[in-house]
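**Q** Take a look at this one; I'll ask things after.
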Amino acid sequence: MTQLPRTLRMLLPVALGIAVLLLWEALVAAYQVPRFVLPPPSAIWAALIADFPSLMASLWTTLRITLLAFALAVASGVALAVLFSQSRIVEMALYPYAVILQVTPIVAIAPLIVIWVGFARINLALLILAWIVAFFPILSGTILGLRSADHNLIDLFRLHGASNWQILTRLRLPSALPFLLNGMKTSGGLALIGTVVAEYGAGSGTATGLAWRIVEAGNRLQIARMFAALFLLAALGVAIFFALAVLEYWVLRKWHESALQREI
Amino acid sequence: MTIIASLQGVERSFSNAIKALGPIDLAIRQSEFLSLLGPSGCGKSTTLRIVAELLAPSAGTLQWPQGKPRIGFVFQDPTLMPWAVVRDNVRLPLDLAGVPRREADRSAETALARVGLTGFSQAYPRALSGGMRMRVSIARALAAKPQLLLMDEPFAALDEISRDALNEDLLKLWREDGLTIVFVTHSVYESTFLSTRIVTMTPRPGRVANEIHLASPLDRTSGWRMSPEFAEAARAVSLGLRRATEVAA
């Protein structure tokens with residue numbers, strides 16, 4: 001692949017986006033497409049500006065639950081993976097259930113969780129659902145990472161009288177870091193998806209996140225508003241992924257193959 | 001000479017009960033440079049790991065007549081922690097032994113200087129060549145001031161130029177510290193160049209085939225490698241190795 005200059009690489013997708021938007025605007029006007037089917041980008045922009053305060057409030061609700069679920073997923077995923085690495089029995093007993101939790105579609109669990117937690121505490125229900133979705137990539141990534149520690153290094157640690165705790169903190173956890181960070185990139189996106197799906201699942205007007213704004217706008221045929229909320233949701237997803245990719249690069253930049261640029 | 005480690009009737013079997021090693025009897029003597037020479041899969045590495053007590057023998061005993069010495073181990077791969085800079089890698093055995101940071105840093109720097117890596121203490125392993133990484137690995141083993149240094153084909157993956165240079169430097173360190181070294185290799189020339197004694201091993205199950213004492217000059221340099229005496233010694237070792245493999249076949 002030929003190397004494009006950095007500015008060109010950044011400009012290319014932006015230029016394409018602008019071209020598509022202009023074409024969209026022109027086609028919608030030329031064919032006189034009704035606004036409740038496909039609004040032009042200018043109408044979406046207008047809706048975004050007009051509803052900015054309420055959309056931002058919803059964005060904040062969704063973001064808060066997503067971040068909280070993600071943080072919980074990272075903490076619990078790493079803790080459980082460490083527990084598994086220390087006790088084979090605990091792992092054998094619990095891992096199948098973690099898998100069951102992972103493979104059961106979240107949409108199917110959502111109504112149950114919502115009923116159990118109650119509509120009065122709908123945000124807690126959303127948090128639990130988003131956590132369930134975001135949790136597994138952290139667990140499986142960290143388990144794999146903890147196991148991938150160099151066996152000769154483990155021997156060397158043992159030879160020099162290292163305790164299990166020293167092997168865990170000085171060897172297994174650093175070895176697991178690239179796997180954990182990669183799991184986090186997947187998990188961050190899943191936390192958002194989990195939150196959105198849970199908002200849909202909750203259904204009623206008690207949920208006030210972006211997904212609910214989309215449902216609400218759809219019901220009222222406010223398609224431009226729907227697009228505006230969708231745009232914010234996509235932007236949020238991209239921002240989360242980008243932030244985690246930067247974190248990954250920043251942590252691994254000095255030593256891991258994945259973050260190193262070849263000079264020759 | 002004083003015996004510091006003694007293996008008696010040591011065996012090691014795989015989990016499927018097939019015997020990989022032994023029974024072997026082997027005495028390691030103070031300040032010798034002992035090479036275990038044999039074809040791949042003859043249990044040389046297994047023997048070394050048993051001596052390091054990383055592996056328990058299935059039968060037989062390992063004894064330390066003079067008490068258990070401090071042991072350093074060098075693997076075939078440099079086995080460095082990629083996330084730690086060179087100095088932190090070298091300091092590892094000292095950190096694990098609870099040596100205070102400043103003192104450990106000083107020892108690490110000294111060990112790095114001895115393997116010719118002054119100025120590289122803040123580099124990450126990724127930035128070093130294969131030969132340099134192996135030097136870091138040796139510095140790490142030296143930092144803990146071992147009495148017995150166990151080396152498992154440490155230079156097998158290196159190019160010949162780096163390997164020859166490291167051989168000469170290793171001999172210098174061995175002489176200066178009065179180390180006892182047990183060195184596993186499958187190279188006749190390397191073992192001839194380095195050793196005071198070579199034990200050849202038979203393949204599957206690994207057993208001691210024969211023992212060759214070398215009366216090499218103490219100061220072995222690249223000149224010695226070119227000498228007719230070296231060629232003669234290498235021939236004898238090669239013959240010993242051939243006989244070891246024939247015994248098995």
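Residue numbering restarts at 1 in every chain; chains get A, B, ... in the order shown in the structure tokens, and ligands count up from 1 in that same order.
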Could you give me, as a JSON list (two decimals) with C-alpha atoms, in the first residue's frame, the residues within 12 Å of A:Val107, counting only C-alpha atoms and dropping anything in the same chain fewer than 5 positions from it?

**A**
```
[["chain", "number", "residue", "atom", "x", "y", "z"],
["A", 112, "LEU", "CA", -36.95, -9.59, 33.08],
["A", 113, "ILE", "CA", -34.31, -7.29, 34.54],
["A", 114, "VAL", "CA", -36.59, -4.28, 34.10],
["A", 126, "LEU", "CA", -30.14, -0.18, 32.18],
["A", 129, "LEU", "CA", -28.08, -4.80, 31.21],
["A", 130, "ALA", "CA", -25.24, -2.76, 29.73],
["A", 132, "ILE", "CA", -23.88, -7.85, 31.19],
["A", 133, "VAL", "CA", -23.10, -7.07, 27.55],
["A", 193, "ILE", "CA", -25.00, -0.92, 22.47],
["A", 194, "GLY", "CA", -26.13, -2.56, 25.71],
["A", 195, "THR", "CA", -27.39, 0.77, 27.05],
["A", 196, "VAL", "CA", -29.27, 1.55, 23.84],
["A", 197, "VAL", "CA", -30.83, -1.91, 23.59],
["A", 198, "ALA", "CA", -31.79, -1.75, 27.25],
["A", 199, "GLU", "CA", -33.46, 1.63, 26.70],
["A", 200, "TYR", "CA", -35.49, 0.11, 23.85],
["A", 201, "GLY", "CA", -36.28, -2.86, 26.06],
["A", 202, "ALA", "CA", -37.42, -0.65, 28.91],
["A", 203, "GLY", "CA", -39.79, 0.86, 26.39]]
```

**Q** Which residues of chain B are close to chain A, meaning at most 7 Å apart when you count only C-alpha atoms, and how do they look as a VMD selection string?

**A** chain B and resid 54 79 82 to 83 93 96 124 126

**Q** Grab the residues selected above and save them as a compact mmCIF listing (two decimals), in the first residue's frame with C-alpha atoms.

**A**
```
# COMPACT_ATOMS: atom_id res chain seq x y z
CA LEU B 54 12.24 -26.09 38.50
CA THR B 79 13.15 -14.11 28.18
CA PRO B 82 9.07 -6.41 27.12
CA TRP B 83 7.29 -3.76 29.19
CA PRO B 93 16.16 -11.07 40.76
CA LEU B 96 12.33 -10.32 44.10
CA TYR B 124 13.35 -1.26 25.92
CA ARG B 126 12.42 -4.32 21.59
```

**Q** Here is a test: counting only C-alpha atoms, which residue of B:Gln122, B:Ser191, B:Ser58, B:Thr200 is nearest to B:Asp88?

**A**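 Result for the nearest residue to B:Asp88: B:Gln122.
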
**Q** Mind checking DSSP for stretch 15-148 of chain B and telling me the alpha helix (DSSP H) residues as a PDB file with C-alpha atoms, in the first residue's frame?

**A**
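This is the output file states34.pdb:
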```pdb
ATOM      1  CA  LYS B  44      19.895 -31.944  28.497  1.00  0.00           C
ATOM      2  CA  SER B  45      17.444 -29.169  29.261  1.00  0.00           C
ATOM      3  CA  THR B  46      15.469 -31.445  31.557  1.00  0.00           C
ATOM      4  CA  THR B  47      18.658 -32.176  33.500  1.00  0.00           C
ATOM      5  CA  LEU B  48      19.337 -28.465  33.814  1.00  0.00           C
ATOM      6  CA  ARG B  49      15.808 -27.747  35.052  1.00  0.00           C
ATOM      7  CA  ILE B  50      16.103 -30.517  37.622  1.00  0.00           C
ATOM      8  CA  VAL B  51      19.342 -28.973  38.896  1.00  0.00           C
ATOM      9  CA  VAL B  86      16.817  -3.010  30.361  1.00  0.00           C
ATOM     10  CA  ARG B  87      17.781  -1.938  33.875  1.00  0.00           C
ATOM     11  CA  ASP B  88      14.473  -3.043  35.380  1.00  0.00           C
ATOM     12  CA  ASN B  89      14.867  -6.395  33.658  1.00  0.00           C
ATOM     13  CA  VAL B  90      18.356  -6.861  35.061  1.00  0.00           C
ATOM     14  CA  ARG B  91      17.160  -5.786  38.520  1.00  0.00           C
ATOM     15  CA  LEU B  92      14.409  -8.424  38.608  1.00  0.00           C
ATOM     16  CA  PRO B  93      16.159 -11.068  40.762  1.00  0.00           C
ATOM     17  CA  LEU B  94      17.251  -8.338  43.182  1.00  0.00           C
ATOM     18  CA  ASP B  95      13.727  -6.888  43.375  1.00  0.00           C
ATOM     19  CA  LEU B  96      12.335 -10.325  44.099  1.00  0.00           C
ATOM     20  CA  ARG B 101      16.006   0.026  45.073  1.00  0.00           C
ATOM     21  CA  ARG B 102      19.126   2.162  44.998  1.00  0.00           C
ATOM     22  CA  GLU B 103      21.473  -0.694  45.756  1.00  0.00           C
ATOM     23  CA  ALA B 104      19.691  -2.894  43.192  1.00  0.00           C
ATOM     24  CA  ASP B 105      20.019  -0.170  40.563  1.00  0.00           C
ATOM     25  CA  ARG B 106      23.723   0.068  41.228  1.00  0.00           C
ATOM     26  CA  SER B 107      24.189  -3.705  40.951  1.00  0.00           C
ATOM     27  CA  ALA B 108      22.169  -3.735  37.748  1.00  0.00           C
ATOM     28  CA  GLU B 109      24.334  -1.004  36.213  1.00  0.00           C
ATOM     29  CA  THR B 110      27.474  -2.887  37.195  1.00  0.00           C
ATOM     30  CA  ALA B 111      26.171  -6.111  35.657  1.00  0.00           C
ATOM     31  CA  LEU B 112      25.254  -4.236  32.462  1.00  0.00           C
ATOM     32  CA  ALA B 113      28.726  -2.733  32.267  1.00  0.00           C
ATOM     33  CA  ARG B 114      30.256  -6.197  32.589  1.00  0.00           C
ATOM     34  CA  GLY B 130      19.280 -10.485  19.446  1.00  0.00           C
ATOM     35  CA  GLY B 131      22.855 -10.563  20.730  1.00  0.00           C
ATOM     36  CA  MET B 132      22.299  -7.520  22.937  1.00  0.00           C
ATOM     37  CA  ARG B 133      19.121  -9.004  24.394  1.00  0.00           C
ATOM     38  CA  MET B 134      21.037 -12.128  25.270  1.00  0.00           C
ATOM     39  CA  ARG B 135      23.650  -9.966  26.984  1.00  0.00           C
ATOM     40  CA  VAL B 136      20.866  -8.380  29.042  1.00  0.00           C
ATOM     41  CA  SER B 137      19.705 -11.860  29.956  1.00  0.00           C
ATOM     42  CA  ILE B 138      23.216 -12.762  31.123  1.00  0.00           C
ATOM     43  CA  ALA B 139      23.502  -9.484  33.041  1.00  0.00           C
ATOM     44  CA  ARG B 140      20.247 -10.342  34.818  1.00  0.00           C
ATOM     45  CA  ALA B 141      21.661 -13.724  35.822  1.00  0.00           C
ATOM     46  CA  LEU B 142      24.905 -12.083  37.007  1.00  0.00           C
ATOM     47  CA  ALA B 143      23.166  -9.309  38.954  1.00  0.00           C
TER      48      ALA B 143
END
```

**Q** Go through A:Leu181, A:Ala125, A:Ala234, A:Ala217 one by one, measure the shortest atom-to-atom distance of each to A:Ser258 using only C-alpha atoms, and give the residue with the smallest value.

**A**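 The shortest atom-to-atom distance to A:Ser258 comes from A:Leu181.
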
**Q** Output as a Markdown table one row per residue of stretch 133-187 of chain A within 12 Å of stretch 89-106 of chain A: the closest atom pair and its distance in Å to one decimal place, counting only C-alpha atoms, sorted by chain and residue number ascending.

**A**
```
| residue | atom | partner | partner_atom | distance |
| --- | --- | --- | --- | --- |
| A:Val133 | CA | A:Gln102 | CA | 6.7 |
| A:Ala134 | CA | A:Gln102 | CA | 9.1 |
| A:Phe135 | CA | A:Gln102 | CA | 8.3 |
| A:Phe136 | CA | A:Gln102 | CA | 6.3 |
| A:Pro137 | CA | A:Gln102 | CA | 9.2 |
| A:Ile138 | CA | A:Ala98 | CA | 11.5 |
| A:Leu139 | CA | A:Ala98 | CA | 8.8 |
| A:Ser140 | CA | A:Ala98 | CA | 9.6 |
| A:Ile143 | CA | A:Glu91 | CA | 10.0 |
```

**Q** Would you mind exporting the chosen residues as a PDB file, in the first residue's frame, restricted to N, CA and C atoms?

**A**
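Generated output (selection_26.pdb):
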```
ATOM      1  N   VAL A 133     -23.610  -7.016  28.924  1.00  0.00           N
ATOM      2  CA  VAL A 133     -23.103  -7.065  27.548  1.00  0.00           C
ATOM      3  C   VAL A 133     -21.612  -6.727  27.489  1.00  0.00           C
ATOM      4  N   ALA A 134     -21.198  -5.763  28.313  1.00  0.00           N
ATOM      5  CA  ALA A 134     -19.830  -5.247  28.202  1.00  0.00           C
ATOM      6  C   ALA A 134     -18.807  -6.105  28.947  1.00  0.00           C
ATOM      7  N   PHE A 135     -19.302  -6.948  29.822  1.00  0.00           N
ATOM      8  CA  PHE A 135     -18.445  -7.656  30.752  1.00  0.00           C
ATOM      9  C   PHE A 135     -17.569  -8.737  30.106  1.00  0.00           C
ATOM     10  N   PHE A 136     -18.151  -9.492  29.174  1.00  0.00           N
ATOM     11  CA  PHE A 136     -17.467 -10.690  28.703  1.00  0.00           C
ATOM     12  C   PHE A 136     -16.133 -10.456  27.970  1.00  0.00           C
ATOM     13  N   PRO A 137     -16.051  -9.486  27.053  1.00  0.00           N
ATOM     14  CA  PRO A 137     -14.759  -9.285  26.369  1.00  0.00           C
ATOM     15  C   PRO A 137     -13.625  -8.965  27.345  1.00  0.00           C
ATOM     16  N   ILE A 138     -13.957  -8.292  28.443  1.00  0.00           N
ATOM     17  CA  ILE A 138     -12.932  -7.981  29.439  1.00  0.00           C
ATOM     18  C   ILE A 138     -12.486  -9.275  30.113  1.00  0.00           C
ATOM     19  N   LEU A 139     -13.464 -10.080  30.508  1.00  0.00           N
ATOM     20  CA  LEU A 139     -13.145 -11.341  31.194  1.00  0.00           C
ATOM     21  C   LEU A 139     -12.312 -12.247  30.303  1.00  0.00           C
ATOM     22  N   SER A 140     -12.796 -12.500  29.081  1.00  0.00           N
ATOM     23  CA  SER A 140     -12.090 -13.462  28.235  1.00  0.00           C
ATOM     24  C   SER A 140     -10.729 -12.921  27.808  1.00  0.00           C
ATOM     25  N   ILE A 143      -8.379 -13.205  30.863  1.00  0.00           N
ATOM     26  CA  ILE A 143      -8.019 -14.604  31.127  1.00  0.00           C
ATOM     27  C   ILE A 143      -6.922 -15.045  30.163  1.00  0.00           C
TER      28      ILE A 143
END
```

**Q** Find the residues around B:Ala157 up to 9 Å (only C-alpha atoms counted), leave out those fewer than 4 positions away in its own chain, and share them as a PyMOL selection string.

**A** chain B and resi 76-77+130+153+163

**Q** Check the smallest atom-to-atom distance from each of B:Asp25, B:Glu11, B:Asp152, B:Glu32 to B:Pro78 using only C-alpha atoms, then report the winner.

**A** B:Asp152

**Q** What lies within 8 Å of A:Leu210 using only C-alpha atoms, ignoring chain neighbours under 6 positions off, as a PyMOL selection string?

**A** chain A and resi 55+58-59+61-62+196+229-230+233

**Q** Quick check, in Å to one decimal: how far apart do atom CA of B:Met226 and atom CA of B:Thr192 lie?

**A**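 Value for the atom CA of B:Met226-atom CA of B:Thr192 distance: 12.4 Å.
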